[in-house]
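query19.pdb (PDB, C-alpha atoms)
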ATOM      1  CA  GLY A   1      35.772  89.896 150.270
ATOM      2  CA  THR A   2      37.639  87.394 152.336
ATOM      3  CA  ARG A   3      39.630  89.885 154.373
ATOM      4  CA  PRO A   4      38.866  90.265 158.075
ATOM      5  CA  GLY A   5      36.917  93.388 158.968
ATOM      6  CA  GLY A   6      38.913  94.268 162.101
ATOM      7  CA  ALA A   7      41.231  96.754 160.376
ATOM      8  CA  ILE A   8      38.314  98.471 158.666
ATOM      9  CA  ALA A   9      36.381  98.700 161.931
ATOM     10  CA  ALA A  10      39.437 100.094 163.702
ATOM     11  CA  ALA A  11      39.975 102.721 160.999
ATOM     12  CA  TRP A  12      36.312 103.712 161.187
ATOM     13  CA  ALA A  13      36.508 104.041 164.987
ATOM     14  CA  VAL A  14      39.686 106.150 164.843
ATOM     15  CA  LEU A  15      38.253 108.459 162.187
ATOM     16  CA  HIS A  16      35.116 108.968 164.267
ATOM     17  CA  HIS A  17      37.202 109.559 167.391
ATOM     18  CA  LEU A  18      39.450 112.129 165.666
ATOM     19  CA  GLY A  19      36.722 113.853 163.695
ATOM     20  CA  GLN A  20      37.432 115.813 160.529
ATOM     21  CA  ASP A  21      39.470 118.516 162.289
ATOM     22  CA  GLY A  22      41.536 115.950 164.186
ATOM     23  CA  TYR A  23      42.178 113.979 161.015
ATOM     24  CA  LEU A  24      43.253 117.108 159.117
ATOM     25  CA  ASP A  25      45.556 118.121 161.983
ATOM     26  CA  LEU A  26      47.143 114.671 161.941
ATOM     27  CA  ALA A  27      47.620 114.864 158.154
ATOM     28  CA  ARG A  28      49.299 118.295 158.492
ATOM     29  CA  ARG A  29      51.678 116.939 161.139
ATOM     30  CA  ILE A  30      52.579 113.962 158.964
ATOM     31  CA  ARG A  31      53.236 116.265 156.008
ATOM     32  CA  GLY A  32      55.517 118.390 158.208
ATOM     33  CA  VAL A  33      57.434 115.360 159.469
ATOM     34  CA  THR A  34      57.817 114.097 155.890
ATOM     35  CA  ARG A  35      59.259 117.485 154.862
ATOM     36  CA  GLN A  36      61.733 117.407 157.756
ATOM     37  CA  ILE A  37      62.948 113.915 156.913
ATOM     38  CA  ARG A  38      63.136 114.733 153.205
ATOM     39  CA  GLY A  39      65.228 117.837 153.892
ATOM     40  CA  GLY A  40      67.490 115.911 156.251
ATOM     41  CA  ILE A  41      68.086 113.157 153.704
ATOM     42  CA  GLN A  42      68.813 115.682 150.966
ATOM     43  CA  ALA A  43      71.382 117.364 153.241
ATOM     44  CA  ILE A  44      73.443 114.153 153.512
ATOM     45  CA  PRO A  45      76.030 114.072 150.702
ATOM     46  CA  GLY A  46      75.489 111.156 148.345
ATOM     47  CA  LEU A  47      71.811 110.603 149.160
ATOM     48  CA  ARG A  48      69.036 111.521 146.775
ATOM     49  CA  VAL A  49      65.280 111.504 147.410
ATOM     50  CA  LEU A  50      63.346 109.950 144.540
ATOM     51  CA  GLY A  51      60.376 111.762 143.088
ATOM     52  CA  ASP A  52      58.606 114.569 144.892
ATOM     53  CA  PRO A  53      57.143 112.996 148.042
ATOM     54  CA  VAL A  54      54.841 115.176 150.105
ATOM     55  CA  MET A  55      53.026 112.710 152.356
ATOM     56  CA  SER A  56      53.908 109.731 154.502
ATOM     57  CA  VAL A  57      56.116 107.643 152.179
ATOM     58  CA  LEU A  58      59.429 108.595 150.658
ATOM     59  CA  ALA A  59      62.116 106.654 148.827
ATOM     60  CA  PHE A  60      65.769 107.492 148.498
ATOM     61  CA  THR A  61      68.918 106.114 146.959
ATOM     62  CA  THR A  62      72.612 106.833 146.943
ATOM     63  CA  ASP A  63      74.981 107.937 144.241
ATOM     64  CA  ARG A  64      77.930 106.627 146.295
ATOM     65  CA  GLY A  65      77.852 102.907 146.850
ATOM     66  CA  ASP A  66      75.056 100.471 147.542
ATOM     67  CA  ILE A  67      71.730 101.610 148.964
ATOM     68  CA  TYR A  68      71.006  98.080 150.190
ATOM     69  CA  ALA A  69      74.253  98.029 152.199
ATOM     70  CA  LEU A  70      73.116 101.329 153.682
ATOM     71  CA  GLY A  71      69.726  99.798 154.466
ATOM     72  CA  ASP A  72      71.470  96.889 156.204
ATOM     73  CA  ALA A  73      73.510  99.346 158.276
ATOM     74  CA  MET A  74      70.329 101.151 159.287
ATOM     75  CA  GLN A  75      68.665  97.826 160.151
ATOM     76  CA  ALA A  76      71.609  97.065 162.441
ATOM     77  CA  ARG A  77      70.909 100.398 164.158
ATOM     78  CA  GLY A  78      67.271  99.412 164.730
ATOM     79  CA  TRP A  79      65.592 101.168 161.781
ATOM     80  CA  HIS A  80      63.396  99.244 159.345
ATOM     81  CA  LEU A  81      63.531 100.607 155.812
ATOM     82  CA  ASP A  82      62.024  98.609 152.960
ATOM     83  CA  ARG A  83      64.110  97.738 149.908
ATOM     84  CA  GLN A  84      62.682  98.598 146.503
ATOM     85  CA  THR A  85      63.634  98.465 142.849
ATOM     86  CA  PRO A  86      63.818  99.852 140.152
ATOM     87  CA  PRO A  87      65.824 101.863 140.832
ATOM     88  CA  ASP A  88      67.522 100.306 143.831
ATOM     89  CA  SER A  89      66.236 102.346 146.747
ATOM     90  CA  ILE A  90      64.940 102.166 150.268
ATOM     91  CA  HIS A  91      61.755 103.741 151.489
ATOM     92  CA  ALA A  92      60.430 104.940 154.780
ATOM     93  CA  THR A  93      56.862 105.200 155.941
ATOM     94  CA  VAL A  94      56.277 108.338 157.997
ATOM     95  CA  SER A  95      53.677 108.815 160.718
ATOM     96  CA  ALA A  96      52.940 111.551 163.226
ATOM     97  CA  GLY A  97      54.661 109.366 165.820
ATOM     98  CA  THR A  98      57.874 109.580 163.787
ATOM     99  CA  ALA A  99      58.502 113.211 164.810
ATOM    100  CA  PRO A 100      60.353 112.531 168.097
ATOM    101  CA  ALA A 101      62.807 110.205 166.302
ATOM    102  CA  ILE A 102      63.746 112.439 163.338
ATOM    103  CA  ASP A 103      67.033 113.724 164.767
ATOM    104  CA  ASP A 104      68.148 110.234 165.837
ATOM    105  CA  PHE A 105      67.158 108.769 162.459
ATOM    106  CA  LEU A 106      69.039 111.401 160.470
ATOM    107  CA  ALA A 107      72.117 111.150 162.716
ATOM    108  CA  ASP A 108      72.155 107.364 162.306
ATOM    109  CA  LEU A 109      71.635 107.736 158.557
ATOM    110  CA  ALA A 110      74.556 110.161 158.170
ATOM    111  CA  GLU A 111      76.759 107.882 160.276
ATOM    112  CA  ALA A 112      75.722 104.834 158.255
ATOM    113  CA  VAL A 113      76.526 106.624 154.973
ATOM    114  CA  ALA A 114      80.016 107.403 156.290
ATOM    115  CA  THR A 115      80.508 103.863 157.610
ATOM    116  CA  VAL A 116      79.194 102.000 154.562
ATOM    117  CA  GLY A 117      81.099 104.073 152.018
ATOM    118  CA  SER A 118      81.303 102.186 148.750
ATOM    119  CA  SER A 119      80.800  98.708 150.212
ATOM    120  CA  ARG A 120      78.244  96.443 148.615
ATOM    121  CA  THR A 121      76.019  93.667 149.905
ATOM    122  CA  ASP A 122      75.460  90.438 148.012
ATOM    123  CA  ASP A 123      71.809  90.364 149.097
ATOM    124  CA  ARG A 124      69.886  92.014 146.244
ATOM    125  CA  SER A 125      66.432  90.934 147.435
ATOM    126  CA  THR A 126      63.722  93.527 147.832
ATOM    127  CA  ASP A 127      60.506  93.734 149.766
ATOM    128  CA  TYR A 128      58.258  94.501 146.805
ATOM    129  CA  ALA A 129      59.894  93.397 143.582
ATOM    130  CA  PRO A 130      61.173  89.821 143.440
ATOM    131  CA  LEU A 131      64.412  89.180 141.622
ATOM    132  CA  PRO A 132      64.032  87.484 138.251
ATOM    133  CA  GLU A 133      64.961  83.843 138.284
ATOM    134  CA  GLU A 134      68.398  83.120 136.892
ATOM    135  CA  GLY A 135      68.749  80.418 134.385
TER
END
Entire entry expressed as structure tokens:
Amino acid sequence: GTRPGGAIAAAWAVLHHLGQDGYLDLARRIRGVTRQIRGGIQAIPGLRVLGDPVMSVLAFTTDRGDIYALGDAMQARGWHLDRQTPPDSIHATVSAGTAPAIDDFLADLAEAVATVGSSRTDDRSTDYAPLPEEG
């Protein structure tokens, strides 16, 4: 293809450096971090995790207000969460390096839910699904 090979070479080198046991250990840690974040999100009133995520990516929405306004509030706190639709949701990518930030993330998320309330943002754009053209 026409894609540069640097990312593939880097992935190959990391896999060979970690070995099978190291890779499996890393995958177990990521699964554990994902479970922690999922449980923390589910414990915040008004938030709902979508689907049944078990590894590295999870999406959530709110039943109280606008998930995109919540995403904007989290962005203002330094967290980058991608907007998605349908349904309107935001998603987080989890890595083993996420573990030290879980408590801060969940505290900021709970605070943002309380701050945002039922406010709504006019920006309905998403990262992965373009809005249909009006006309």
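Proximity ranking of A:Arg31, A:Phe60, A:Phe105, A:Asp122 relative to His80 (chain A) places A:Phe105 first, based on all atoms listed in the file.
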List, as a PyMOL selection string, every residue that the PyMOL selection byres ((chain A and resi 48-57) around 6) selects in the file provided.
-> chain A and resi 31+42+47+58-62+92-94
Please evaluate the PyMOL selection byres ((chain A and resi 99) around 12) against the displayed coordinates and give the resulting residues as JSON, numbers by chain.
-> {"A": [26, 29, 30, 31, 32, 33, 34, 35, 36, 37, 56, 94, 95, 96, 97, 98, 100, 101, 102, 103, 104, 105, 106]}
Expressed in Å, the length from CA of Ala114 (chain A) to CA of Gly40 (chain A) is 15.1 Å
How would you write, as an mmCIF file with C-alpha atoms, in the coordinates of the input, the residues chosen by the PyMOL selection byres ((chain A and resi 82) around 7) on this structure?
data_model
loop_
_atom_site.group_PDB
_atom_site.id
_atom_site.type_symbol
_atom_site.label_atom_id
_atom_site.label_comp_id
_atom_site.auth_asym_id
_atom_site.auth_seq_id
_atom_site.Cartn_x
_atom_site.Cartn_y
_atom_site.Cartn_z
ATOM 1 C CA HIS A 80 63.396 99.244 159.345
ATOM 2 C CA LEU A 81 63.531 100.607 155.812
ATOM 3 C CA ARG A 83 64.110 97.738 149.908
ATOM 4 C CA GLN A 84 62.682 98.598 146.503
ATOM 5 C CA ILE A 90 64.940 102.166 150.268
ATOM 6 C CA HIS A 91 61.755 103.741 151.489
ATOM 7 C CA ALA A 92 60.430 104.940 154.780
ATOM 8 C CA ASP A 127 60.506 93.734 149.766
#
Report the distance between CA of Arg64 (chain A) and CA of Asp123 (chain A) in Å, rounded to one decimal place.
->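 It comes out at 17.6 Å.
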Using only C-alpha atoms, the shortest atom-to-atom distance to Asp72 (chain A) among A:Ile44, A:Gly19, A:Gly39, A:Arg124 belongs to A:Arg124
Best match for closeness to Asp108 (chain A) among A:Ile41, A:Ile67, A:Leu15, A:Ala7, counting all atoms listed in the file |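 Closest to Asp108 (chain A), using all atoms listed in the file: A:Ile41.
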Shortest interatomic distance to Asp66 (chain A) - which of A:Gly117, A:Pro4, A:Gly78, A:Pro45, counting all atoms listed in the file |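 Under the stated criterion, the closest residue is A:Gly117.
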With N, CA and C atoms as the target, complete region 86-104 of chain A and hand it back as a compact mmCIF listing (two decimals), in the frame of the given file.
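What ended up in rebuild.txt:
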# COMPACT_ATOMS: atom_id res chain seq x y z
N PRO A 86 62.75 98.97 140.60
CA PRO A 86 63.82 99.85 140.15
C PRO A 86 63.48 101.31 140.43
N PRO A 87 64.41 102.15 140.62
CA PRO A 87 65.82 101.86 140.83
C PRO A 87 66.03 101.33 142.24
N ASP A 88 67.21 100.76 142.48
CA ASP A 88 67.52 100.31 143.83
C ASP A 88 67.35 101.48 144.78
N SER A 89 66.53 101.28 145.80
CA SER A 89 66.24 102.35 146.75
C SER A 89 65.71 101.74 148.03
N ILE A 90 65.62 102.57 149.04
CA ILE A 90 64.94 102.17 150.27
C ILE A 90 63.88 103.21 150.55
N HIS A 91 62.81 102.78 151.20
CA HIS A 91 61.76 103.74 151.49
C HIS A 91 61.34 103.67 152.94
N ALA A 92 60.87 104.81 153.40
CA ALA A 92 60.43 104.94 154.78
C ALA A 92 58.96 105.35 154.79
N THR A 93 58.23 104.80 155.71
CA THR A 93 56.86 105.20 155.94
C THR A 93 56.85 106.14 157.14
N VAL A 94 56.25 107.28 156.98
CA VAL A 94 56.28 108.34 158.00
C VAL A 94 54.91 108.42 158.66
N SER A 95 54.92 108.61 159.97
CA SER A 95 53.68 108.82 160.72
C SER A 95 53.88 110.00 161.66
N ALA A 96 52.82 110.45 162.27
CA ALA A 96 52.94 111.55 163.23
C ALA A 96 53.83 111.14 164.39
N GLY A 97 53.83 109.86 164.73
CA GLY A 97 54.66 109.37 165.82
C GLY A 97 56.14 109.34 165.49
N THR A 98 56.48 109.57 164.23
CA THR A 98 57.87 109.58 163.79
C THR A 98 58.61 110.82 164.27
N ALA A 99 57.89 111.91 164.50
CA ALA A 99 58.50 113.21 164.81
C ALA A 99 59.56 113.17 165.91
N PRO A 100 59.34 112.51 167.05
CA PRO A 100 60.35 112.53 168.10
C PRO A 100 61.66 111.82 167.73
N ALA A 101 61.63 110.99 166.67
CA ALA A 101 62.81 110.20 166.30
C ALA A 101 63.58 110.79 165.11
N ILE A 102 63.12 111.91 164.55
CA ILE A 102 63.75 112.44 163.34
C ILE A 102 65.24 112.70 163.52
N ASP A 103 65.62 113.39 164.57
CA ASP A 103 67.03 113.72 164.77
C ASP A 103 67.89 112.47 164.91
N ASP A 104 67.40 111.49 165.68
CA ASP A 104 68.15 110.23 165.84
C ASP A 104 68.26 109.49 164.51
